[in-house]
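Engineer: The following file, upload19.csv, comprises CSV, C-alpha atoms:
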```csv
chain,number,residue,atom,x,y,z
A,99,MET,CA,0.0,0.0,0.0
A,100,THR,CA,1.4,3.4,-0.9
A,101,ASP,CA,1.5,6.3,1.5
A,102,ARG,CA,-1.2,8.1,-0.5
A,103,GLU,CA,-3.5,5.0,-0.4
A,104,ASP,CA,-2.9,4.7,3.3
A,105,ALA,CA,-3.8,8.4,3.8
A,106,GLU,CA,-6.9,8.0,1.7
A,107,ARG,CA,-8.0,4.9,3.7
A,108,GLN,CA,-7.5,6.9,6.9
A,109,ALA,CA,-9.6,9.8,5.5
A,110,VAL,CA,-12.4,7.5,4.5
A,111,THR,CA,-12.3,5.7,7.8
A,112,ALA,CA,-12.5,9.1,9.6
A,113,ALA,CA,-15.5,10.1,7.5
A,114,ASN,CA,-17.2,6.8,8.4
A,115,ALA,CA,-16.5,7.3,12.1
A,116,GLU,CA,-17.9,10.9,11.9
A,117,PHE,CA,-21.1,9.5,10.3
A,118,TYR,CA,-21.6,7.2,13.3
A,119,ARG,CA,-20.7,10.0,15.7
A,120,ALA,CA,-23.3,12.3,14.2
A,121,PHE,CA,-25.8,9.4,14.2
A,122,GLY,CA,-25.3,8.6,17.9
A,123,ALA,CA,-25.2,12.3,18.9
A,124,GLY,CA,-28.3,13.2,16.9
A,125,ASP,CA,-26.2,15.9,15.2
A,126,MET,CA,-28.4,16.7,12.2
A,127,GLU,CA,-26.2,19.6,11.1
A,128,ALA,CA,-23.1,17.3,10.9
A,129,MET,CA,-25.2,14.6,9.2
A,130,ASP,CA,-26.3,17.0,6.5
A,131,ALA,CA,-22.7,18.1,5.9
A,132,LEU,CA,-21.6,14.5,5.6
A,133,TRP,CA,-23.8,13.7,2.7
A,134,ALA,CA,-22.8,14.6,-0.9
A,135,ASP,CA,-23.9,17.9,-2.3
A,136,ARG,CA,-25.9,16.3,-5.1
A,137,GLY,CA,-29.5,15.3,-5.5
A,138,GLU,CA,-28.7,11.7,-6.4
A,139,VAL,CA,-28.1,10.1,-3.0
A,140,THR,CA,-29.8,7.0,-1.7
A,141,CYS,CA,-30.3,5.2,1.7
A,142,ILE,CA,-31.7,1.9,2.8
A,143,HIS,CA,-32.5,1.9,6.6
A,144,PRO,CA,-33.1,-1.5,8.2
A,145,GLY,CA,-36.3,-2.9,6.9
A,146,TRP,CA,-37.1,0.2,4.8
A,147,PRO,CA,-37.5,0.5,1.1
A,148,PRO,CA,-34.7,2.5,-0.7
A,149,VAL,CA,-35.0,6.2,0.0
A,150,ARG,CA,-34.1,8.2,-3.1
A,151,GLY,CA,-32.9,11.8,-3.5
A,152,ARG,CA,-31.2,14.1,-1.0
A,153,ALA,CA,-34.4,15.8,0.3
A,154,ASP,CA,-36.0,12.5,1.2
A,155,VAL,CA,-32.8,11.0,2.6
A,156,MET,CA,-32.3,14.0,4.8
A,157,ALA,CA,-35.9,13.9,5.9
A,158,SER,CA,-35.4,10.3,6.9
A,159,TRP,CA,-32.4,11.1,9.0
A,160,ARG,CA,-34.2,14.1,10.7
A,161,GLY,CA,-36.9,11.6,11.8
A,162,ILE,CA,-34.4,9.0,13.0
A,163,LEU,CA,-32.2,11.5,14.8
A,164,ALA,CA,-35.2,13.3,16.5
A,165,ALA,CA,-36.6,10.1,18.0
A,166,PRO,CA,-35.4,9.7,21.7
A,167,PRO,CA,-33.6,7.8,23.1
A,168,ARG,CA,-30.7,7.8,20.6
A,169,PRO,CA,-28.4,4.9,21.1
A,170,ALA,CA,-24.6,5.1,20.6
A,171,VAL,CA,-23.6,3.5,17.3
A,172,GLN,CA,-20.1,2.3,16.8
A,173,PRO,CA,-18.5,1.0,13.5
A,174,VAL,CA,-16.7,-2.3,14.0
A,175,GLU,CA,-14.3,-4.1,11.6
A,176,GLU,CA,-14.4,-1.4,9.0
A,177,GLN,CA,-13.1,-2.5,5.6
A,178,VAL,CA,-12.3,0.3,3.1
A,179,THR,CA,-12.2,-0.3,-0.7
A,180,LEU,CA,-10.8,2.6,-2.8
A,181,MET,CA,-12.1,3.1,-6.3
A,182,GLY,CA,-10.8,6.4,-7.6
A,183,ASP,CA,-13.2,9.1,-6.5
A,184,ALA,CA,-15.5,6.6,-4.8
A,185,ALA,CA,-14.7,4.6,-1.6
A,186,LEU,CA,-16.7,1.8,0.0
A,187,VAL,CA,-16.8,1.0,3.7
A,188,VAL,CA,-18.3,-2.3,4.8
A,189,CYS,CA,-18.6,-2.8,8.6
A,190,PHE,CA,-20.7,-3.9,11.5
A,191,GLU,CA,-22.7,-1.3,13.4
A,192,ALA,CA,-22.6,-2.0,17.2
A,193,ILE,CA,-25.6,-0.6,19.0
A,194,GLY,CA,-25.2,-1.9,22.6
A,195,GLU,CA,-25.3,-5.7,22.2
A,196,ILE,CA,-27.1,-5.5,18.8
A,197,PHE,CA,-25.1,-5.7,15.6
A,198,LEU,CA,-26.2,-4.6,12.1
A,199,ALA,CA,-24.2,-5.1,8.9
A,200,ALA,CA,-23.7,-1.9,6.9
A,201,THR,CA,-22.5,-0.6,3.5
A,202,ASN,CA,-21.4,3.0,3.3
A,203,LEU,CA,-20.4,4.5,0.0
A,204,PHE,CA,-18.5,7.8,-0.2
A,205,LEU,CA,-17.6,10.2,-3.0
A,206,ARG,CA,-14.7,12.6,-3.1
A,207,GLN,CA,-16.2,16.0,-3.3
A,208,GLY,CA,-14.5,19.3,-2.6
A,209,GLY,CA,-11.5,17.7,-1.0
A,210,SER,CA,-13.5,15.6,1.5
A,211,TRP,CA,-15.3,12.2,1.4
A,212,ARG,CA,-19.0,12.5,1.5
A,213,LEU,CA,-21.8,9.9,1.6
A,214,VAL,CA,-23.8,9.0,-1.5
A,215,HIS,CA,-25.3,5.8,-0.1
A,216,HIS,CA,-25.9,4.0,3.2
A,217,HIS,CA,-27.5,0.5,3.6
A,218,ALA,CA,-27.9,-1.2,7.0
A,219,GLY,CA,-29.7,-4.4,7.9
A,220,VAL,CA,-30.1,-7.0,10.6
A,221,THR,CA,-27.6,-9.8,11.0
A,222,GLU,CA,-27.6,-12.6,13.6
A,223,HIS,CA,-23.8,-12.6,13.5
A,224,ARG,CA,-21.3,-10.7,15.5
A,225,PRO,CA,-17.9,-9.3,14.7
A,226,LYS,CA,-15.0,-11.6,15.7
A,227,THR,CA,-13.7,-8.8,17.9
A,228,ALA,CA,-17.0,-8.4,19.8
A,229,ARG,CA,-17.2,-9.5,23.5
A,230,PRO,CA,-19.2,-12.7,24.0
A,231,LYS,CA,-22.9,-12.3,24.5
A,232,PRO,CA,-23.7,-11.7,28.3
A,233,SER,CA,-26.1,-14.6,28.0
A,234,ALA,CA,-23.6,-17.0,26.6
A,235,THR,CA,-22.8,-20.1,28.6
A,236,LEU,CA,-19.1,-20.4,29.3
A,237,HIS,CA,-17.7,-24.0,29.4
B,58,MET,CA,-27.9,13.7,-19.4
B,59,THR,CA,-25.3,13.3,-22.2
B,60,ASP,CA,-25.3,10.4,-24.7
B,61,ARG,CA,-22.2,9.1,-23.0
B,62,GLU,CA,-23.8,9.1,-19.5
B,63,ASP,CA,-26.9,7.5,-21.0
B,64,ALA,CA,-24.8,4.7,-22.5
B,65,GLU,CA,-23.0,4.1,-19.3
B,66,ARG,CA,-26.2,3.9,-17.3
B,67,GLN,CA,-27.5,1.4,-19.8
B,68,ALA,CA,-24.3,-0.7,-19.5
B,69,VAL,CA,-24.5,-0.7,-15.7
B,70,THR,CA,-28.2,-1.6,-15.8
B,71,ALA,CA,-27.4,-4.5,-18.2
B,72,ALA,CA,-24.6,-5.7,-15.9
B,73,ASN,CA,-27.0,-5.6,-12.9
B,74,ALA,CA,-29.6,-7.5,-15.0
B,75,GLU,CA,-27.0,-10.1,-15.9
B,76,PHE,CA,-26.2,-10.5,-12.2
B,77,TYR,CA,-29.8,-11.4,-11.4
B,78,ARG,CA,-30.1,-13.7,-14.5
B,79,ALA,CA,-27.0,-15.6,-13.3
B,80,PHE,CA,-28.4,-15.7,-9.8
B,81,GLY,CA,-31.8,-17.1,-10.9
B,82,ALA,CA,-30.2,-19.5,-13.4
B,83,GLY,CA,-27.6,-20.8,-10.9
B,84,ASP,CA,-25.0,-19.9,-13.5
B,85,MET,CA,-21.8,-20.0,-11.4
B,86,GLU,CA,-19.5,-19.4,-14.3
B,87,ALA,CA,-21.3,-16.2,-15.3
B,88,MET,CA,-21.5,-15.2,-11.6
B,89,ASP,CA,-17.7,-15.6,-11.3
B,90,ALA,CA,-17.1,-13.6,-14.4
B,91,LEU,CA,-19.4,-10.8,-13.2
B,92,TRP,CA,-17.3,-10.1,-10.1
B,93,ALA,CA,-14.3,-7.9,-10.3
B,94,ASP,CA,-10.9,-9.5,-10.8
B,95,ARG,CA,-9.4,-8.2,-7.5
B,96,GLY,CA,-9.2,-9.8,-4.1
B,97,GLU,CA,-10.9,-6.9,-2.4
B,98,VAL,CA,-14.6,-7.7,-3.0
B,99,THR,CA,-17.3,-7.9,-0.3
B,100,CYS,CA,-20.8,-9.2,0.0
B,101,ILE,CA,-23.6,-9.0,2.6
B,102,HIS,CA,-26.3,-11.7,2.0
B,103,PRO,CA,-29.6,-11.3,3.9
B,104,GLY,CA,-28.9,-11.8,7.6
B,105,TRP,CA,-25.3,-12.7,7.0
B,106,PRO,CA,-22.2,-11.0,8.3
B,107,PRO,CA,-20.1,-9.2,5.7
B,108,VAL,CA,-18.2,-11.8,3.5
B,109,ARG,CA,-14.7,-10.4,2.7
B,110,GLY,CA,-12.4,-11.3,-0.2
B,111,ARG,CA,-13.0,-12.9,-3.6
B,112,ALA,CA,-12.4,-16.5,-2.6
B,113,ASP,CA,-14.9,-16.3,0.3
B,114,VAL,CA,-17.5,-14.3,-1.7
B,115,MET,CA,-17.4,-16.8,-4.6
B,116,ALA,CA,-17.6,-19.7,-2.1
B,117,SER,CA,-20.8,-18.1,-0.7
B,118,TRP,CA,-22.3,-17.8,-4.1
B,119,ARG,CA,-21.4,-21.4,-5.0
B,120,GLY,CA,-23.3,-22.5,-1.9
B,121,ILE,CA,-26.3,-20.3,-2.6
B,122,LEU,CA,-26.5,-21.3,-6.3
B,123,ALA,CA,-26.1,-25.0,-5.6
B,124,ALA,CA,-29.1,-25.1,-3.2
B,125,PRO,CA,-32.2,-26.2,-5.0
B,126,PRO,CA,-34.8,-25.0,-5.7
B,127,ARG,CA,-33.4,-21.7,-7.2
B,128,PRO,CA,-36.1,-19.0,-7.4
B,129,ALA,CA,-36.2,-16.5,-10.2
B,130,VAL,CA,-34.8,-13.1,-9.0
B,131,GLN,CA,-35.8,-9.9,-10.8
B,132,PRO,CA,-34.4,-6.4,-10.2
B,133,VAL,CA,-37.1,-3.8,-9.9
B,134,GLU,CA,-36.9,0.0,-9.9
B,135,GLU,CA,-33.2,0.1,-10.5
B,136,GLN,CA,-31.5,3.5,-9.8
B,137,VAL,CA,-28.0,4.0,-11.3
B,138,THR,CA,-25.5,6.5,-9.8
B,139,LEU,CA,-22.4,7.0,-11.8
B,140,MET,CA,-19.2,8.0,-10.0
B,141,GLY,CA,-16.3,7.8,-12.5
B,142,ASP,CA,-15.0,4.3,-12.6
B,143,ALA,CA,-17.5,3.2,-10.0
B,144,ALA,CA,-21.3,2.8,-10.4
B,145,LEU,CA,-24.0,2.1,-7.8
B,146,VAL,CA,-27.3,0.4,-8.4
B,147,VAL,CA,-30.0,0.5,-5.8
B,148,CYS,CA,-33.0,-1.6,-6.4
B,149,PHE,CA,-35.6,-4.0,-5.1
B,150,GLU,CA,-35.1,-7.7,-5.7
B,151,ALA,CA,-38.4,-9.5,-6.6
B,152,ILE,CA,-38.4,-13.2,-5.7
B,153,GLY,CA,-42.0,-14.3,-6.4
B,154,GLU,CA,-44.1,-12.2,-4.0
B,155,ILE,CA,-41.1,-11.5,-1.7
B,156,PHE,CA,-39.1,-8.3,-2.1
B,157,LEU,CA,-35.7,-7.5,-0.8
B,158,ALA,CA,-33.9,-4.1,-0.9
B,159,ALA,CA,-30.4,-4.3,-2.6
B,160,THR,CA,-27.2,-2.4,-3.1
B,161,ASN,CA,-24.9,-3.4,-6.0
B,162,LEU,CA,-21.6,-1.6,-6.5
B,163,PHE,CA,-19.8,-2.0,-9.9
B,164,LEU,CA,-16.2,-1.1,-10.9
B,165,ARG,CA,-15.2,-0.4,-14.5
B,166,GLN,CA,-12.6,-3.0,-15.3
B,167,GLY,CA,-11.3,-4.1,-18.7
B,168,GLY,CA,-14.1,-2.3,-20.5
B,169,SER,CA,-16.9,-3.9,-18.6
B,170,TRP,CA,-18.7,-3.2,-15.3
B,171,ARG,CA,-18.0,-5.8,-12.6
B,172,LEU,CA,-19.3,-6.2,-9.1
B,173,VAL,CA,-17.2,-5.2,-6.1
B,174,HIS,CA,-20.0,-5.4,-3.5
B,175,HIS,CA,-23.5,-6.7,-3.1
B,176,HIS,CA,-25.8,-6.1,-0.1
B,177,ALA,CA,-29.3,-7.4,0.1
B,178,GLY,CA,-31.7,-7.4,3.1
B,179,VAL,CA,-35.4,-7.8,4.0
B,180,THR,CA,-37.9,-5.1,3.6
B,181,GLU,CA,-41.6,-5.1,4.4
B,182,HIS,CA,-42.1,-2.6,1.6
B,183,ARG,CA,-42.9,-3.2,-2.0
B,184,PRO,CA,-41.9,-1.2,-5.1
B,185,LYS,CA,-44.6,1.2,-6.4
B,186,THR,CA,-44.7,-0.7,-9.6
B,187,ALA,CA,-45.4,-4.1,-8.0
B,188,ARG,CA,-48.7,-5.8,-8.5
B,189,PRO,CA,-50.9,-5.7,-5.3
B,190,LYS,CA,-50.4,-8.7,-2.9
B,191,PRO,CA,-52.7,-11.6,-3.9
B,192,SER,CA,-54.0,-11.6,-0.4
B,193,ALA,CA,-55.0,-7.9,-0.4
B,194,THR,CA,-58.6,-7.1,0.1
B,195,LEU,CA,-59.9,-4.9,-2.7
B,196,HIS,CA,-62.5,-2.3,-1.8
```
Using structure tokens, write down the structure from this file.
Structural biologist:
Amino acid sequence: MTDREDAERQAVTAANAEFYRAFGAGDMEAMDALWADRGEVTCIHPGWPPVRGRADVMASWRGILAAPPRPAVQPVEEQVTLMGDAALVVCFEAIGEIFLAATNLFLRQGGSWRLVHHHAGVTEHRPKTARPKPSATLH
Amino acid sequence: MTDREDAERQAVTAANAEFYRAFGAGDMEAMDALWADRGEVTCIHPGWPPVRGRADVMASWRGILAAPPRPAVQPVEEQVTLMGDAALVVCFEAIGEIFLAATNLFLRQGGSWRLVHHHAGVTEHRPKTARPKPSATLH
């Protein structure tokens, strides 16, 4: 991996972390700034149909971030794939003891990495790095 | 939209359609050819954890395509987002009367569009263009 690639992966990972910080903190201003400044963005929340277009995607986030209580959301085992001006992050989302599997797609825009697509859904699996379930029987 | 953009969207849509044809037909050779020729590919099947790396992603498809009976899978309401050498397709997957929401990410490689990531998950919603549920009461 070149130094430049390494720096790009770090920048994408940081943008992904900022997304989850804004999510957990209910920071709608930061969430809005994180999404690409183009109409053509999409989002698939768990169990939802695809939400299409910046106005509807932001409306969906306003609803989600306004609903108390907001849980902390942590990205776990993030994998970054660079594709020129696009970058993919595949990760788990840890919400307490619940884990979701997530796809986050970023576009390089104005010197920063901004979201063009988010897709999260249920998974019965857990990251390898997760602590064992509190209910697990230890032999 | 320029003619070139239009042609690119059509090519991406065709690659997406070919993915679902190979899926429904259990055509593992076509499925293998559809995925990018790089180790760094990922896949999130419904309810699964992220599968990482070409060998493991292909092994997951071999298992899925080998399991009879294979249902027909149709993409519905595909939306294509072009990002230079990457292209995103967000769509519903119609499997009989069941619908999933899906993310497919393609990379331009050797003159064709090849998959680098697939993510599908359950949704209780249906595309606007879907026929009403057979069980629906009509008033």
Engineer: Write out as a ChimeraX atom specification every residue belonging to chain B that has an atom at most 10 Å from any atom of chain A, counting only C-alpha atoms.
Structural biologist: /B:97-109,134,136-149,156-160,162-165,173-184
Engineer: What gap, in Å, lies between CA of Trp211 in chain A and CA of Ala72 in chain B?
Structural biologist: 26.6 Å
Engineer: Need the shell around Met156 in chain A: protein/DNA/RNA residues with any atom at most 8 Å away, counting only C-alpha atoms. Skip same-chain ones fewer than 4 positions apart. Format as a ChimeraX atom specification?
Structural biologist: /A:130,152,160
Engineer: Take the point (-31.3, 6.9, 20.0) in the file's coordinates, draw a sphere of radius 10 Å around it, and report as a ChimeraX atom specification every protein, DNA or RNA residue with an atom inside or on it, counting all atoms listed in the file.
Structural biologist: /A:121-124,162-171,193
Engineer: Hey, which of A:Met126, A:Ile196, A:Val110, A:Ala157 ends up closest to Leu213 in chain A? Count all atoms listed in the file.
Structural biologist: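 Using all atoms listed in the file, Leu213 in chain A sits closest to A:Val110.
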Engineer: Could you work out how far CA of Pro173 in chain A lies from CA of Glu103 in chain A, giving the answer in Å with one decimal?
Structural biologist: 20.8 Å
Engineer: Could you tell me how far CA of Ala131 in chain A sits from CA of Gly151 in chain A, in Å to one decimal place?
Structural biologist: 15.2 Å
